[in-house]
Amino acid sequence: MTAPVLKVDTLCKSFGGVHAIRDLSFEVREAEILGLIGPNGSGKSTTVNSLAGIFAITSGKIVLGDVQIDALPEYARVAQGLARTFQTASTFGEFTVREQIMLGSNVTRTSHPLSSVFGIGRNPVEDSALEKRVAHILDITGLKEVEQKRVGTISSAQQRFLMIATALASGPKVLLLDEPAAGLVSHERKTLSDLIKSIRALGVSVLVIEHHMALIMDVSDRIVVLNFGQKIAEGTPEEIRNNPVVIDAYLGE
Ligand code: ADP
Ligand code: MG
């Protein structure tokens with residue numbers, strides 16, 4: 001087992017009187033794929049949004065590497081190495097796939113924010129490392145064949161992979177994926193599984209929320225199960241599959 005990279009400690013998040021998450025603790029380890037599952041309304045998205053800094057948590061602690069990040073704004077968490085997928089904004093439709101991925105890299109770059117696309121204030125050493133990273137990302141996401149196409153013209157499945165590619169370009173320690181398989185057909189889900197495993201092979205940890213049980217069982221090293229905002233089980237896919245508490249929670253859905 002590898003060392004923990006993301007530590008979530010007694011996290012609570014309430015919306016008014018609704019306790020969306022209560023006393024949730026878990027760790028994501030280095031180069032690990034951790035699946036987060038649970039019935040509808042169990043607090044999965046709230047967990048991811050709390051980690052990403054979309055809203056303030058009610059109490060608890062989130063530590064990435066050695067840095068406590070729960071009070072940091074969203075962009076600062078990305079700069080610390082926590083990335084998540086965004087819906088591709090429509091204004092990006094004019095960029096090519098390659099340019100969009102290059103833009104994703106800018107959050108951690110020291111040179112001009114638009115240098116990767118427009119060549120302003122370039123730093124040659126940074127640029128060659130970036131070129132390598134982008135080439136590899138194009139490769140593992142299967143987007144190489146469309147790298148010069150405009151984002152608005154590629155298929156919706158390719159746009160999904162592009163979101164992941166853009167998040168990866170920031171060079172994260174941990175990547176958060178909230179339902180990456182939504183809307184994908186069977187062979188695209190297979191590509192997604194392979195991609196998630198390739199991301200782990202890069203040394204990046206992945207926290208993946210997914211309804212598609214076959215996919216989560218296939219990709220996850222470990223799984224955390226939520227129900228009514230609390231952790232009810234944690235273990236390997238095999239342990240989770242056979243856990244009566246987990247089976248009960250899903251039967252009640
Ligand atoms: P999941 O992603 O597991 O389906 P969510 O995290 O979206 O679950 O929701 C957990 C609980 O928190 C639900 O009861 C939901 O209604 C509530 N909730 C989530 N987001 C909000 C919000 N912005 N305002 C109020 N209640 C919310
Ligand atoms: Mg959700």
# chains A, B, ... in the order shown; residues from 1 in each chain; ligands from 1
$ closest_atom_pairs --of "chain A" --to "ligand 2" --cutoff "9 Å" --atoms "only C-alpha atoms and all ligand atoms" --output "JSON lines"
{"residue": "A:Asn40", "atom": "CA", "partner": "ligand 2", "partner_atom_place_in_ligand_line": "1 (Mg)", "distance": 7.0}
{"residue": "A:Gly41", "atom": "CA", "partner": "ligand 2", "partner_atom_place_in_ligand_line": "1 (Mg)", "distance": 6.9}
{"residue": "A:Ser42", "atom": "CA", "partner": "ligand 2", "partner_atom_place_in_ligand_line": "1 (Mg)", "distance": 8.2}
{"residue": "A:Gly43", "atom": "CA", "partner": "ligand 2", "partner_atom_place_in_ligand_line": "1 (Mg)", "distance": 7.1}
{"residue": "A:Lys44", "atom": "CA", "partner": "ligand 2", "partner_atom_place_in_ligand_line": "1 (Mg)", "distance": 5.5}
{"residue": "A:Ser45", "atom": "CA", "partner": "ligand 2", "partner_atom_place_in_ligand_line": "1 (Mg)", "distance": 4.1}
{"residue": "A:Thr46", "atom": "CA", "partner": "ligand 2", "partner_atom_place_in_ligand_line": "1 (Mg)", "distance": 7.3}
{"residue": "A:Val48", "atom": "CA", "partner": "ligand 2", "partner_atom_place_in_ligand_line": "1 (Mg)", "distance": 8.9}
{"residue": "A:Asp178", "atom": "CA", "partner": "ligand 2", "partner_atom_place_in_ligand_line": "1 (Mg)", "distance": 7.3}
{"residue": "A:Glu179", "atom": "CA", "partner": "ligand 2", "partner_atom_place_in_ligand_line": "1 (Mg)", "distance": 7.7}
{"residue": "A:Ile209", "atom": "CA", "partner": "ligand 2", "partner_atom_place_in_ligand_line": "1 (Mg)", "distance": 8.0}
{"residue": "A:Glu210", "atom": "CA", "partner": "ligand 2", "partner_atom_place_in_ligand_line": "1 (Mg)", "distance": 8.7}
$ residues_near_ligand --ligand "ligand 1" --cutoff "12 Å" --atoms "only C-alpha atoms and all ligand atoms" --output "PyMOL selection string"
chain A and resi 12-22+36-51+54-57+177-179+208-211+225-231+253
$ residues_around --residues "Ile69 of chain A" --least-positions-apart "5" --cutoff "10 Å" --atoms "only C-alpha atoms" --output "list in words"
Leu6, Leu51, Ala52, Gly53, Lys61, Ile62, Val63, Leu64, Glu74, Ala76, Arg77, Gln80 and Leu82 of chain A
$ closest_residue --among "A:Ile232, A:Val185, A:Ile240, A:Ala3" --to "Ser25 of chain A" --atoms "only C-alpha atoms"
A:Ile232
$ select_by_dssp --residues "segment 112-244 of chain A" --states "alpha helix (DSSP H)" --output "PyMOL selection string"
chain A and resi 115-118+124-140+156-169+186-201+213-219+237-241+244
$ atom_distance --atom1 "atom CA of Glu94 of chain A" --atom2 "atom CA of Gly152 of chain A"
6.7 Å
$ closest_residue --among "A:Val219, A:Asn242, A:Gly65, A:Glu99" --to "Glu147 of chain A" --atoms "only C-alpha atoms"
A:Glu99
$ closest_residue --among "A:Pro172, A:Ala165, A:Arg160, A:Glu30" --to "Leu184 of chain A" --atoms "only C-alpha atoms"
A:Arg160
$ select_by_dssp --residues "segment 48-233 of chain A" --states "strand (DSSP E)" --output "MDAnalysis selection string"
chainID A and resid 59:64 67:68 82:84 174:178 205:209 222:227 230:233
$ closest_residue --among "A:Ser156, A:Ala83, A:Leu207, A:Leu103" --to "Lys7 of chain A" --atoms "only C-alpha atoms"
A:Leu207
$ residues_around --residues "Val204 of chain A" --least-positions-apart "4" --cutoff "9 Å" --atoms "only C-alpha atoms" --output "number ranges by chain"
A: 30-33, 168, 171-175, 199-200
$ write_last_selection --atoms "N, CA and C atoms" --output "short mmCIF file (atom, residue, chain, number, x, y, z; two decimals), in the first residue's frame"
data_model
loop_
_atom_site.label_atom_id
_atom_site.label_comp_id
_atom_site.auth_asym_id
_atom_site.auth_seq_id
_atom_site.Cartn_x
_atom_site.Cartn_y
_atom_site.Cartn_z
N GLU A 30 -1.46 7.35 -2.74
CA GLU A 30 -0.71 7.66 -3.96
C GLU A 30 -1.00 6.62 -5.04
N ALA A 31 -1.23 7.10 -6.26
CA ALA A 31 -1.46 6.22 -7.42
C ALA A 31 -2.51 5.14 -7.13
N GLU A 32 -3.56 5.57 -6.49
CA GLU A 32 -4.66 4.66 -6.17
C GLU A 32 -5.93 5.16 -6.85
N ILE A 33 -6.75 4.21 -7.29
CA ILE A 33 -8.09 4.58 -7.77
C ILE A 33 -9.06 4.23 -6.64
N LEU A 168 -6.16 16.83 -16.47
CA LEU A 168 -4.85 16.18 -16.32
C LEU A 168 -3.71 17.12 -16.67
N GLY A 171 -1.46 18.85 -14.23
CA GLY A 171 -0.46 18.07 -13.49
C GLY A 171 -0.89 17.76 -12.07
N PRO A 172 -2.10 17.22 -11.88
CA PRO A 172 -2.62 17.01 -10.53
C PRO A 172 -1.96 15.84 -9.78
N LYS A 173 -2.04 15.90 -8.45
CA LYS A 173 -1.71 14.74 -7.61
C LYS A 173 -2.94 13.85 -7.53
N VAL A 174 -4.11 14.51 -7.44
CA VAL A 174 -5.37 13.78 -7.31
C VAL A 174 -6.37 14.35 -8.33
N LEU A 175 -7.04 13.45 -9.02
CA LEU A 175 -8.07 13.84 -9.99
C LEU A 175 -9.43 13.38 -9.48
N ILE A 199 -4.22 6.75 -16.07
CA ILE A 199 -3.97 7.91 -15.20
C ILE A 199 -3.26 7.45 -13.93
N ARG A 200 -3.72 6.34 -13.38
CA ARG A 200 -3.05 5.77 -12.20
C ARG A 200 -1.60 5.42 -12.53
#
$ atom_distance --atom1 "atom CA of Arg29 of chain A" --atom2 "atom CA of Leu130 of chain A"
25.5 Å
$ residues_around --residues "Arg133 of chain A" --least-positions-apart "4" --cutoff "10 Å" --atoms "only C-alpha atoms" --output "PDB file with C-alpha atoms, in the first residue's frame"
ATOM      1  CA  MET A 102      -2.813  23.494 -23.285  1.00  0.00           C
ATOM      2  CA  SER A 105      -2.019  23.392 -18.065  1.00  0.00           C
ATOM      3  CA  ASP A 127       7.469  24.351 -22.860  1.00  0.00           C
ATOM      4  CA  SER A 128       9.288  21.132 -23.727  1.00  0.00           C
ATOM      5  CA  ALA A 129       8.081  19.443 -20.518  1.00  0.00           C
ATOM      6  CA  ILE A 137      -2.328  13.044 -22.498  1.00  0.00           C
ATOM      7  CA  LEU A 138      -3.474  13.095 -26.149  1.00  0.00           C
ATOM      8  CA  ASP A 139      -2.279   9.529 -26.402  1.00  0.00           C
ATOM      9  CA  LEU A 168      -4.854  16.176 -16.321  1.00  0.00           C
ATOM     10  CA  ALA A 169      -2.923  18.954 -18.042  1.00  0.00           C
ATOM     11  CA  SER A 170      -2.759  20.858 -14.747  1.00  0.00           C
ATOM     12  CA  GLY A 171      -0.465  18.068 -13.487  1.00  0.00           C
TER      13      GLY A 171
END
$ atom_distance --atom1 "atom CA of Ser59 of chain A" --atom2 "atom CA of Ser205 of chain A"
24.5 Å
